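Each remark here refers to the structure printed beneath this line.
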Amino acid sequence: MNGRPLLPLPRFDRASLPVVNWQRQRGLLISVGVFLVMLIILQLVKGEGISYFDVSSITTGATTLALAAVGETIVILAGGFDLSAGAVISLVNVMIIQFLGGGSEFSSDVAALSGAEFIGAALALALAVGAAIGAINGFLIAFLGLSAIVVTLATMFIAQGAALLVMTHAGGEAPWEFSMFFTGEAIAGVLPAPIIVLAVVIVLWLALRNSRLGTGIYAIGSDEKSALASGTDVRMTKFWTYTIAGVCYGAAGMFMTAQIGAGDPLIGAKFLLKIFAAVVIGGTLIGGGRGGCVGTVFGALTLTIILTIFLLLGMRTWYVPLAEGAILIFAVLGLSMSRDLPVVDVVRGWRQALRTRWRAPVVPSAGLGGAGLLQDLLGRTAARGGPDLTRPTAGWFTRNQATLRYISPTYVMFAVIVIATVVLFGENLSALEYLNVLLLFTAFLAILGLGQGAVIISGGLDLSVAWAITFPAIVVTTFCFGENGPAYWAVPLALAIGLAIGCLNGLMIVLFRMSPIIVTLAMAGMLEGISLIFSDGAPIGGSPPVLRWFVSGRLLGIAPIGWFLIAFAIVATIFLNRTAFGRRLYTVGNSVTVARLSGVWTGSVIVGAYMLSGFCSALVGVLLSGFSGQAFFGMGDPFLLQSIAVVVLGGTLITGGRGHFVGILGGALLFTALGSLLTGTMLPEAVRSIIYGLVLLGAIVALRERADA
Amino acid sequence: MIKRARLAVLATAALALAVTGIFGPSPASAQEDKYKVFVSVGFEGNTWMDAAQNLIRSMAKTKAFKDRVELNMQSARADIQTQIQQVNAMVQGDADIIILWPNSRTALNRSIRQACQRGIIVMTFDASVTEPCAYHIGLDQTWAGAGPAEYLAEELGGKGSIIVMGGYPGHYIDHARTDGAMEVFAAYPEIEVLVHAYSNWNNAHARQELTKIVATHGWDNIDGLWTQVGCYMFSQIQVEAGRADQLVPCAGNGTNGHRIAIAEPGTVPGALGMKSSSMGSPNWLGAYALKVAVAYADGGAEPPRFTQVPMPLVEPGQVVVCTEGTREELLARNCNTYHPDLGVPPNYFVDVWHPWVSELDLFSALEGKVPEGQ
């Protein structure tokens with residue numbers, strides 16, 4: 001590659017030319033391509049040409065997202081996952097304002113520090129706080145071997161709570177010089193400062209990538225075992241990955257502070273999903289090993305430009321989430337498009353079938369053609385689901401020892417919390433009411449847990465849960481409008497919508513080999529748009545009385561939903577552990593390749609898992625509308641992270657392959673009991689959030705040793 | 001490795017070229033006789049914001065504004081960062097007037113200041129920002145918490161155990177209202193706040209939280225409710241629990257169902273005679289902001305930085321039910337509640353009208369219609 005010709009004769013030497021492996025660079029190329037297309041569209045929409053001010057405003061708008069997404073990219077390249085980004089941004093923002101700035105109490109006093117001092121102090125504080133949280137994440141994940149999703153979910157709760165402790169509400173002010181240093185102009189009228197920030201980040205990233213650590217990050221992301229075998233210090237690499245990511249989030253929080261010039265403890269909320277979008281549009285493969293931060297920066301710029309284009313087009317906001325979802329899907333489609341995608345086989349099958357039919361219309365079986373192939377691909381579930389050849393002879397305890405070990409900690413913690421509740425509220429606590437509340441909210445979480453659990457056991461993740469709850473709920477309440485009459489078709493319709501949502505998710509994931517995170521994320525966005533259009537701006541109407549009775553009425557002392565939960569738990573346990581589908585789920589989650597080789601058609605199992613999740617979400621939406629009497633936008637929002645937390649608390653391995661519904665049920669009970677206990681107290685929300693985080697961490701530490709077993 | 005780096009550097013260089021090369025200077029915006037008005041609301045999807053948006057649209061379609069205003073309405077979908085970008089894009093889009101329902105009290109400050117520096121009139125309605133160059137139209141949020149609290153304290157005779165159900169933790173409006181209420185309660189030493197929970201301004205969430213509270217504390221130990229959403233829903237929970245005859249007094253933000261529940265039984269279907277105070281959250285502020293901004297842009301007097309609007313507080317005996325919802329009826333009766341037959345759902349925030357926006361009527365809020373002759 002550095003081949004200077006040895007002979008004096010000029011000679012064509014292929015090696016001296018930059019050889020670009022286009023296939024490997026496709027992610028970056030597509031992200032730059034999408035960016036340029038969006039830039040051209042913006043130019044056309046503007047009509048009068050893009051001005052310096054536009055460039056400055058777009059880069060300023062994109063830099064916070066870019067910085068945070070660069071951190072996330074590094075984690076994802078290493079095969080990890082980090083949910084703490086948004087909360088770290090909030091925490092850094094309020095710490096800078098509260099500790100260095102004029103404080104939050106409605107005053108706009110500017111700090112006593114001079115501009116330059118403030119810049120230095122803010123930079124140091126932001127990077128230190130980010131690094132500290134990142135290091136905690138890294139330590140727990142790398143050295144204690146804990147699940148990245150749960151650890152970062154817990155630090156997210158804790159950092160969010162800490163942000164609310166530092167500053168109870170928005171306020172304060174940062175010095176103007178600080179804002180201008182990062183968001184102003186580097187060279188007046190020529191170069192906006194954010195471009196310098198982005199350039200510095202890209203240079204630092206290139207340095208990291210070409211370092212030993214950088215090689216290690218790609219290596220463990222590609223294949224952890226091979227990396228270990230070839231001498232990579234996997235633990236240290238992971239630790240540094242999360243720490244560096246934390247530094248990036250800290251930098252993002254600082255830039256955000258410069259951009260807004262004030263503090264707001266909620267500033268980082270809602271950031272997370274956009275970070276993932278930027279990472280994926282930037283061409284990084286979720287799951288690790290491929291991609292890079294340069295693409296991520298372009299991904300962030302693209303997302304920012306899209307918003308500007310929508311605004312200038314005057315597009316009705318109802319259609320914006322739909323359009324964003326579609327762009328996300330197509331960008332990823334561009335990344336994953338290749339000749340060996342399963343969908344290519346299906347299309348080829350159809351084409352062949354058409355041709356066969358054209359030439360030999362007499363052959364009766366040809367009519368099945370493509371459809372048959374699709375069925376074959378998805379439906380051939382290898383009838384031999386696996387008869388139990390080895391009849392266990394040992395006792396029940398011995399056989400289930402491993403399962404019991406990862407399920408029991410949750411139930412122990414649940415019992416502790418129930419006892420604490422009884423001690424605390426003893427006199428006023430009505431046992432029957434308390435039982436009812438436990439059953440009611442556990443039902444919501446346990447149903448969601450089955451769906452999310454199935455998806456996680458199969459090795460995926462469903463982020464569309466929140467809107468797969470809300471949209472069916474809106475459908476039921478709009479059609480029923482408080483009457484029982486239409487319920488007999490509206491409720492099945494809502495559940496069918498849930499199945500369809502899951503089916504679409506699954507098909508896109510299987511046929512186009514797209515990342516589950518991005519597919520379900522885009523699905524959530526599209527469902528939001530569809531909900532707005534369907535409800536004509538705001539959902540009105542009400543749930544049928546029969547649903548309200550089902551959730552709030554009484555049947556033999558407790559709400560009917562309580563009895564339903566008991567039946568549901570039995571069915572779900574049997575479904576996951578005693579049916580062919582359930583067993584295949586675990587097989588696929590353990591190893592897709594092994595599953596395929598042993599005759600399981602992995603596609604159908606994965607589609608099935610997402611359909612189950614869609615169905616469960618819709619069911620919760622329907623029940624929730626019965627509980628509230630109405631449907632609301634945002635009614636599903638709190639359930640997304642809760643569904644993941646419950647599944648993991650129940651001992652399910654987030655990387656797939658292990659889990660038990662009894663465990664998930666325990667997770668749901670624990671979460672509900674904790675929520676009831678905390679809600680009944682006078683603790684500030686900040687402290688509640690921190691307690692949630694600590695309980696999550698405690699549970700995952702208790703489950704730790706079992707993770708290796 | 002190096003090659004990949006080289007490619008990345010090339011790409012960056014190409015971008016730099018694009019940045020300096022393609023983008024010419026922005027020509028002065030073409031002078032048109034229509035004002036470019038951009039609206040960004042923080043969220044979308046509940047009846048409050050739906051009505052607020054419909055009212056702004058209706059106002060822009062009235063005779064006085066039809067040919068003078070070009071309206072472009074956006075929603076930030078509950079995301080702060082999106083709204084910052086929207087305001088920046090509005091400035092890029094050569095706005096004359098920007099009307100905001102901000103998602104954050106502070107996060108838009110820099111963007112708003114840039115807009116002001118370009119001579120754009122920036123108005124906020126209902127929720128405010130700390131940036132002083134913006135003009136705000138809204139309630140005194142502290143009072144919006146204190147007013148209902150005062151009613152509740154007096155209704156309880158200055159003693160009892162109450163539940164405080166806030167809005168969104170960390171949000172300025174929640175903070176101001178809760179502070180206002182807590183200050184009132186502090187003046188009554190025999191009033192004890194049992195639980196401070198959060199509704200996230202979401203009825204479903206509020207109901208979940210209240211259900212948990214009732215399980216651990218029991219209805220018999222709760223004497224009153226101060227809440228930022230859902231007095232109507234709380235009354236329904238109690239009716240379902242068979243406690244319709246002993247409804248706990250509730251003070252909070254009001255919907256049509258809430259107002260009807262306050263009305264004397266028999267006067268209107270659904271009336272319960274509930275002991276309750278309903279603080280209204282005016283939906284018409286955005287439409288009024290449009291009027292004020294256009295008048296100022298036309299060369300009128302500068303509006304005050306904060307136009308404080310009177311708070312509609314409806315207590316028992318003050319419910320005025322409209323049966324037509326037309327301009328004529330509204331002007332004549334100044335009603336604060338609508339008959340269910342008009343198609344107003346119980347969860348509808350009904351303070352949609354005020355003499356300051358007398359061009360409009362109930363159907364402007366419900367369907368975005370402009371009254372005949374306006």
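Labels used: A, B, ... for chains in the order of the structure tokens, numbers from 1 for residues in each chain, and numbers from 1 for ligands as shown.
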Please report as a PyMOL selection string which residues of chain B come no farther than 7 Å from chain A, using only C-alpha atoms.
-> chain B and resi 1+3+5+8+23-27+45-47+50+72+74-75+79-80+85-86+88-89+92-93+105-110+169-172+175+195-197+204+207+209+212-213+215-218+345
Worksheet entry | Residues flagged strand (DSSP E) by DSSP in segment 60-224 of chain B, as a PyMOL selection string | chain B and resi 69-75+97-101+121-125+135-138+159-166+190-198+224
**Prompt:** Taking the backbone alone, and naming residues the way the document does, which bits of segment 151-363 of chain A are helix (DSSP H, G or I) by DSSP, as an MDAnalysis selection string?
**Reply:** chainID A and resid 151:166 176:183 193:209 212:222 224:229 234:260 271:281 293:313 317:336 342:359
message = Just want the 7 Å neighbourhood of segment 234-249 of chain B, counted on only C-alpha atoms, with same-chain residues fewer than 5 positions away dropped. Output as a PyMOL selection string.
response = chain B and resi 223-225+274-276
Saved selection, atoms kept: C-alpha atoms, as a PDB file, in the first residue's frame:
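again.pdb, written as the output of this step:
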```pdb
ATOM      1  CA  ASP B 223     -60.146  14.677  52.128  1.00  0.00           C
ATOM      2  CA  GLY B 224     -59.220  16.628  49.029  1.00  0.00           C
ATOM      3  CA  LEU B 225     -57.441  16.614  45.695  1.00  0.00           C
ATOM      4  CA  MET B 274     -69.383  18.180  42.728  1.00  0.00           C
ATOM      5  CA  LYS B 275     -67.545  20.403  45.206  1.00  0.00           C
ATOM      6  CA  SER B 276     -64.828  21.518  42.890  1.00  0.00           C
TER       7      SER B 276
END
```
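Atom CA of Gly449 of chain A is positioned 9.3 Å from atom CA of Val648 of chain A.
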Task: Test item: residues at most 12 Å from Val416 of chain A, only C-alpha atoms, excluding those fewer than 6 positions along its chain, as JSON, numbers by chain - done: {"A": [409, 410, 422, 423, 669, 670, 673, 674, 677, 695]}
Write the selection just made, keeping N, CA and C atoms, as a JSON list (two decimals), in the first residue's frame?
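New file again19.json:
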```
[["chain", "number", "residue", "atom", "x", "y", "z"],
["A", 409, "PRO", "N", -34.28, -14.18, 42.45],
["A", 409, "PRO", "CA", -33.94, -12.88, 43.06],
["A", 409, "PRO", "C", -35.06, -11.85, 42.92],
["A", 410, "THR", "N", -35.73, -11.87, 41.77],
["A", 410, "THR", "CA", -36.80, -10.90, 41.55],
["A", 410, "THR", "C", -37.92, -11.09, 42.56],
["A", 422, "VAL", "N", -46.38, -2.77, 53.47],
["A", 422, "VAL", "CA", -47.31, -3.09, 54.56],
["A", 422, "VAL", "C", -46.88, -2.39, 55.85],
["A", 423, "VAL", "N", -45.58, -2.42, 56.12],
["A", 423, "VAL", "CA", -45.07, -1.78, 57.33],
["A", 423, "VAL", "C", -45.34, -0.27, 57.28],
["A", 669, "LEU", "N", -44.21, -7.86, 38.69],
["A", 669, "LEU", "CA", -44.68, -7.69, 40.07],
["A", 669, "LEU", "C", -43.75, -6.75, 40.83],
["A", 670, "LEU", "N", -42.44, -6.97, 40.67],
["A", 670, "LEU", "CA", -41.46, -6.14, 41.37],
["A", 670, "LEU", "C", -41.61, -4.67, 40.96],
["A", 673, "ALA", "N", -44.91, -3.21, 42.38],
["A", 673, "ALA", "CA", -44.87, -3.00, 43.82],
["A", 673, "ALA", "C", -43.99, -1.80, 44.16],
["A", 674, "LEU", "N", -42.87, -1.70, 43.47],
["A", 674, "LEU", "CA", -41.97, -0.57, 43.70],
["A", 674, "LEU", "C", -42.68, 0.74, 43.36],
["A", 677, "LEU", "N", -45.26, 1.63, 45.98],
["A", 677, "LEU", "CA", -44.63, 2.09, 47.22],
["A", 677, "LEU", "C", -44.15, 3.54, 47.06],
["A", 695, "VAL", "N", -32.51, 0.02, 42.09],
["A", 695, "VAL", "CA", -33.14, -1.31, 42.17],
["A", 695, "VAL", "C", -32.80, -2.13, 40.92]]
```
| Within 9 Å of segment 565-568 of chain A, counting only C-alpha atoms, which residues qualify if same-chain residues fewer than 3 places away don't, as a ChimeraX atom specification? | /A:439-440,442-444,446-447,560-562,571-573
Distance criterion (only C-alpha atoms): nearest to Gly280 of chain B out of B:Phe125, B:Trp48, B:Trp219, B:Trp226 |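 Looking at the shortest contact to Gly280 of chain B, the residue is B:Trp48.
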- Task: Do a neighbour search on Ala186 of chain B at 12 Å with only C-alpha atoms, toss out local chain neighbours closer than 3 positions, and write the hits as a VMD selection string.
- Result: chain B and resid 146 149 to 150 153 158 to 159 178 to 183 189 to 193
Counting only C-alpha atoms, closest pick from A:Val70, A:Val465, A:Ala252, A:Val418 relative to Ala277 of chain A is A:Val70
Near Ile286 of chain A, counting only C-alpha atoms, which residues have an atom at most 9 Å away, once you skip same-chain residues fewer than 4 positions from it, shown as a PyMOL selection string?
-> chain A and resi 73+76-77+79-81+279-280+290+515-518
To one decimal place in Å, what is the distance between atom CA of Leu100 of chain B and atom CA of Pro346 of chain B?
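So the two atoms, atom CA of Leu100 of chain B and atom CA of Pro346 of chain B, lie 27.1 Å apart.
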